[in-house]
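S.K.: Quick one: structure below, then a few questions.
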Amino acid sequence: MAIEKDNKIIMRQEYVWQLPVRFYHWINALCIVVLVVTGYIIGNPPAIQSATEASFSYWFGTVRFVHFVAAFVFFFNFVFRTYWGFVGNKYAQWYNFIPYTKKHWQQIWEVLRVDILQVKCKPAHEMGHNSLAAFTYFLTFLAFLLQCLTGFGLYAAMSTSWFPDLFAWIVPLLGGDLAARMVHHTLMWFFIVFAMIHVYLVFYHDYIERNGVTSSMIGGWKFTEEQD
């Protein structure tokens, strides 16, 4: 879709993020919020005293239950996104997230100059993710995987279900329960820092590029300017 303006600049509009990608994004964001909040409480539970019978105030058990449910949703949502990386449109394909050409690494450097040094560079005009964002998401996917492995590995010791038992080998591999918990807890802080930087950069690039990067994860459309 193209829209011509009075100054002869044409706005080229393209449907970039398919509905499954947008669903994955927002489900993932919600799961991370729930998992971080409940995970922090599990790791550092507040001392709440009550005069009632313990079975009537099973709040910590509820927190753990919510954490486990969110973890399952998080995991299978991630599995679905991996699948969509093979069957989705060209912007959703898995190879977009791996910088395998010289052009990709050049664009990573240019985006770093914009994001960190805040110098003026020629806009990349990428309808999908720029190379830096894509590579960052790839590393984040690896963190997702490690978080799921350590989480289900820890859960296997207290579950009789067959699915968590598939990950029981993770804890011994990492050197024991304490090491697995430390990895799991450290990754929680990684996601907190990542989320803050991610939100900032989304709005920052939306402002400097004017291509609808913020609204695109709601409606799916992005646009770029082209000289007539």
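Going by the structure tokens order, chains are called A, B, ..., each with residues numbered from 1, while ligands are numbered from 1 in the order shown.
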Can you pull out the residues contacting Trp169 of chain A? Cut-off 12 Å, using only C-alpha atoms, and skip same-chain residues under 4 positions away; I want them as a list in words.

M.R.: Leu149, Thr150, Gly151, Phe152, Gly153, Leu154, Tyr155, Ala156, Ala157, Pro164, Asp165, Leu173, Leu174, Gly175, Gly176, Asp177 and Ala180 of chain A

S.K.: Produce a file of the selected residues containing C-alpha atoms, as a short mmCIF file (atom, residue, chain, number, x, y, z; two decimals), in the first residue's frame.

M.R.:
data_model
loop_
_atom_site.label_atom_id
_atom_site.label_comp_id
_atom_site.auth_asym_id
_atom_site.auth_seq_id
_atom_site.Cartn_x
_atom_site.Cartn_y
_atom_site.Cartn_z
CA LEU A 149 15.26 -26.07 31.29
CA THR A 150 16.31 -24.95 34.77
CA GLY A 151 12.73 -24.22 35.82
CA PHE A 152 11.35 -27.59 34.81
CA GLY A 153 14.50 -29.27 36.10
CA LEU A 154 13.84 -27.83 39.56
CA TYR A 155 10.14 -28.64 39.30
CA ALA A 156 10.90 -32.30 38.43
CA ALA A 157 12.02 -32.98 42.00
CA PRO A 164 8.79 -32.17 34.19
CA ASP A 165 10.59 -35.50 34.67
CA LEU A 173 24.32 -31.36 34.89
CA LEU A 174 24.57 -27.89 36.45
CA GLY A 175 26.11 -29.28 39.64
CA GLY A 176 23.12 -29.52 41.93
CA ASP A 177 19.99 -27.79 43.10
CA ALA A 180 20.35 -24.53 39.07
#

S.K.: Using the chain letters and numbers from this document, which residues of chain A does DSSP assign to helix (DSSP H, G or I), as a PyMOL selection string?

M.R.: chain A and resi 19-43+54-56+59-87+94-97+102-117+131-156+162-165+170-174+177-209+213-219

S.K.: Keeping only C-alpha atoms, write the selected residues as a compact mmCIF listing (two decimals), in the first residue's frame.

M.R.:
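Result file is again-v7.txt:
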# COMPACT_ATOMS: atom_id res chain seq x y z
CA LEU A 19 -1.34 -12.37 14.05
CA PRO A 20 0.43 -15.44 15.53
CA VAL A 21 3.61 -13.38 16.01
CA ARG A 22 1.68 -10.62 17.76
CA PHE A 23 -0.13 -13.14 19.97
CA TYR A 24 3.22 -14.71 20.87
CA HIS A 25 4.69 -11.33 21.77
CA TRP A 26 1.92 -10.26 24.14
CA ILE A 27 1.44 -13.70 25.71
CA ASN A 28 5.19 -13.85 26.25
CA ALA A 29 5.23 -10.37 27.81
CA LEU A 30 2.37 -11.25 30.18
CA CYS A 31 4.00 -14.53 31.17
CA ILE A 32 7.31 -12.82 31.93
CA VAL A 33 5.60 -10.27 34.19
CA VAL A 34 3.73 -13.01 36.08
CA LEU A 35 6.80 -15.23 36.31
CA VAL A 36 9.06 -12.42 37.53
CA VAL A 37 6.63 -11.28 40.23
CA THR A 38 5.79 -14.77 41.48
CA GLY A 39 9.39 -15.95 41.08
CA TYR A 40 10.70 -13.10 43.19
CA ILE A 41 8.17 -13.92 45.92
CA ILE A 42 9.14 -17.60 45.81
CA GLY A 43 12.83 -16.72 46.07
CA ALA A 54 -2.63 -22.36 57.86
CA SER A 55 -4.87 -24.28 55.46
CA PHE A 56 -7.17 -21.24 55.26
CA TRP A 59 -1.27 -17.90 49.74
CA PHE A 60 2.27 -19.15 49.08
CA GLY A 61 0.91 -22.31 47.50
CA THR A 62 -1.26 -20.14 45.26
CA VAL A 63 1.78 -18.08 44.24
CA ARG A 64 3.66 -21.26 43.31
CA PHE A 65 0.66 -22.58 41.38
CA VAL A 66 0.39 -19.35 39.38
CA HIS A 67 4.14 -19.49 38.70
CA PHE A 68 3.92 -23.07 37.43
CA VAL A 69 0.91 -22.36 35.20
CA ALA A 70 2.61 -19.29 33.70
CA ALA A 71 5.75 -21.39 33.16
CA PHE A 72 3.84 -23.98 31.12
CA VAL A 73 2.18 -21.26 29.04
CA PHE A 74 5.55 -19.54 28.56
CA PHE A 75 7.20 -22.79 27.42
CA PHE A 76 4.57 -23.87 24.92
CA ASN A 77 4.24 -20.31 23.61
CA PHE A 78 7.99 -20.42 22.96
CA VAL A 79 7.66 -23.80 21.24
CA PHE A 80 4.94 -22.34 19.01
CA ARG A 81 7.13 -19.35 18.08
CA THR A 82 9.92 -21.75 17.15
CA TYR A 83 7.48 -23.58 14.87
CA TRP A 84 6.29 -20.29 13.37
CA GLY A 85 9.89 -19.45 12.58
CA PHE A 86 9.68 -22.11 9.86
CA VAL A 87 6.14 -21.59 8.53
CA TRP A 94 14.30 -18.09 11.92
CA TYR A 95 17.19 -17.01 9.68
CA ASN A 96 16.33 -13.35 10.27
CA PHE A 97 17.67 -13.66 13.81
CA LYS A 102 28.81 -8.83 6.39
CA LYS A 103 25.81 -6.55 5.80
CA HIS A 104 24.17 -7.81 8.99
CA TRP A 105 27.24 -7.00 11.10
CA GLN A 106 27.57 -3.58 9.46
CA GLN A 107 23.97 -2.80 10.33
CA ILE A 108 24.53 -4.00 13.91
CA TRP A 109 27.37 -1.48 14.21
CA GLU A 110 25.26 1.32 12.69
CA VAL A 111 22.36 0.64 15.06
CA LEU A 112 24.73 0.53 18.04
CA ARG A 113 26.02 3.96 17.00
CA VAL A 114 22.44 5.25 16.95
CA ASP A 115 21.33 3.58 20.18
CA ILE A 116 24.40 4.16 22.34
CA LEU A 117 26.34 7.06 20.80
CA SER A 131 20.05 -6.83 12.59
CA LEU A 132 20.92 -5.78 16.14
CA ALA A 133 17.38 -6.30 17.42
CA ALA A 134 17.11 -9.65 15.63
CA PHE A 135 20.41 -10.92 17.05
CA THR A 136 19.44 -9.71 20.52
CA TYR A 137 16.17 -11.63 20.27
CA PHE A 138 18.10 -14.72 19.21
CA LEU A 139 20.22 -14.48 22.36
CA THR A 140 17.04 -13.91 24.34
CA PHE A 141 15.53 -17.07 22.85
CA LEU A 142 18.56 -18.97 24.18
CA ALA A 143 17.92 -17.41 27.60
CA PHE A 144 14.26 -18.47 27.30
CA LEU A 145 15.38 -22.03 26.64
CA LEU A 146 17.81 -22.10 29.55
CA GLN A 147 15.20 -20.60 31.87
CA CYS A 148 12.70 -23.28 30.86
CA LEU A 149 15.26 -26.07 31.29
CA THR A 150 16.31 -24.95 34.77
CA GLY A 151 12.73 -24.22 35.82
CA PHE A 152 11.35 -27.59 34.81
CA GLY A 153 14.50 -29.27 36.10
CA LEU A 154 13.84 -27.83 39.56
CA TYR A 155 10.14 -28.64 39.30
CA ALA A 156 10.90 -32.30 38.43
CA TRP A 162 5.99 -37.19 33.22
CA PHE A 163 6.64 -33.87 31.51
CA PRO A 164 8.79 -32.17 34.19
CA ASP A 165 10.59 -35.50 34.67
CA ILE A 170 19.37 -30.56 34.12
CA VAL A 171 19.99 -30.14 37.87
CA PRO A 172 22.77 -32.77 38.07
CA LEU A 173 24.32 -31.36 34.89
CA LEU A 174 24.57 -27.89 36.45
CA ASP A 177 19.99 -27.79 43.10
CA LEU A 178 21.72 -24.63 44.35
CA ALA A 179 23.53 -23.98 41.08
CA ALA A 180 20.35 -24.53 39.07
CA ARG A 181 18.45 -22.12 41.29
CA MET A 182 21.18 -19.49 40.94
CA VAL A 183 21.06 -19.75 37.13
CA HIS A 184 17.26 -19.56 37.20
CA HIS A 185 17.30 -16.56 39.54
CA THR A 186 20.01 -14.71 37.58
CA LEU A 187 18.07 -15.13 34.35
CA MET A 188 15.07 -13.54 36.04
CA TRP A 189 17.11 -10.34 36.48
CA PHE A 190 18.31 -10.64 32.89
CA PHE A 191 14.69 -10.53 31.71
CA ILE A 192 13.92 -7.54 33.94
CA VAL A 193 16.85 -5.55 32.50
CA PHE A 194 16.05 -6.70 28.96
CA ALA A 195 12.42 -5.62 29.28
CA MET A 196 13.39 -2.11 30.41
CA ILE A 197 15.89 -1.66 27.58
CA HIS A 198 13.48 -3.19 25.07
CA VAL A 199 10.62 -0.83 25.93
CA TYR A 200 12.94 2.19 25.81
CA LEU A 201 14.42 1.26 22.42
CA VAL A 202 11.02 0.51 20.89
CA PHE A 203 9.79 4.01 21.66
CA TYR A 204 13.17 5.53 20.76
CA HIS A 205 13.26 3.90 17.32
CA ASP A 206 9.61 4.71 16.77
CA TYR A 207 10.51 8.36 17.31
CA ILE A 208 13.63 8.52 15.13
CA GLU A 209 12.49 6.20 12.34
CA VAL A 213 7.40 0.12 15.13
CA THR A 214 5.33 0.53 18.32
CA SER A 215 1.89 0.18 16.76
CA SER A 216 3.06 -2.63 14.46
CA MET A 217 2.95 -5.14 17.31
CA ILE A 218 -0.73 -4.31 17.70
CA GLY A 219 -1.94 -3.96 14.12

S.K.: What does the distance from atom CA of Asn89 of chain A to atom CA of Phe223 of chain A come to in Å, to one decimal?

M.R.: 16.9 Å

S.K.: Would you please give, as a list in words, all residues of segment 3-204 of chain A that DSSP assigns to strand (DSSP E) based on the backbone?

M.R.: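 Here are the strand (DSSP E) residues of segment 3-204 of chain A: Ile3, Glu4, Ile9, Ile10, Met11, Arg12, Gln13, Glu14 and Tyr15 of chain A.
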
S.K.: To one decimal place, how far is atom CA of Ile98 of chain A from atom CA of Trp17 of chain A in Å?

M.R.: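 That distance, rounded to one decimal, is 18.3 Å.
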
S.K.: One number please: atom CA of Lys222 of chain A to atom CA of Arg210 of chain A, in Å, one decimal.

M.R.: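 That distance, rounded to one decimal, is 9.4 Å.
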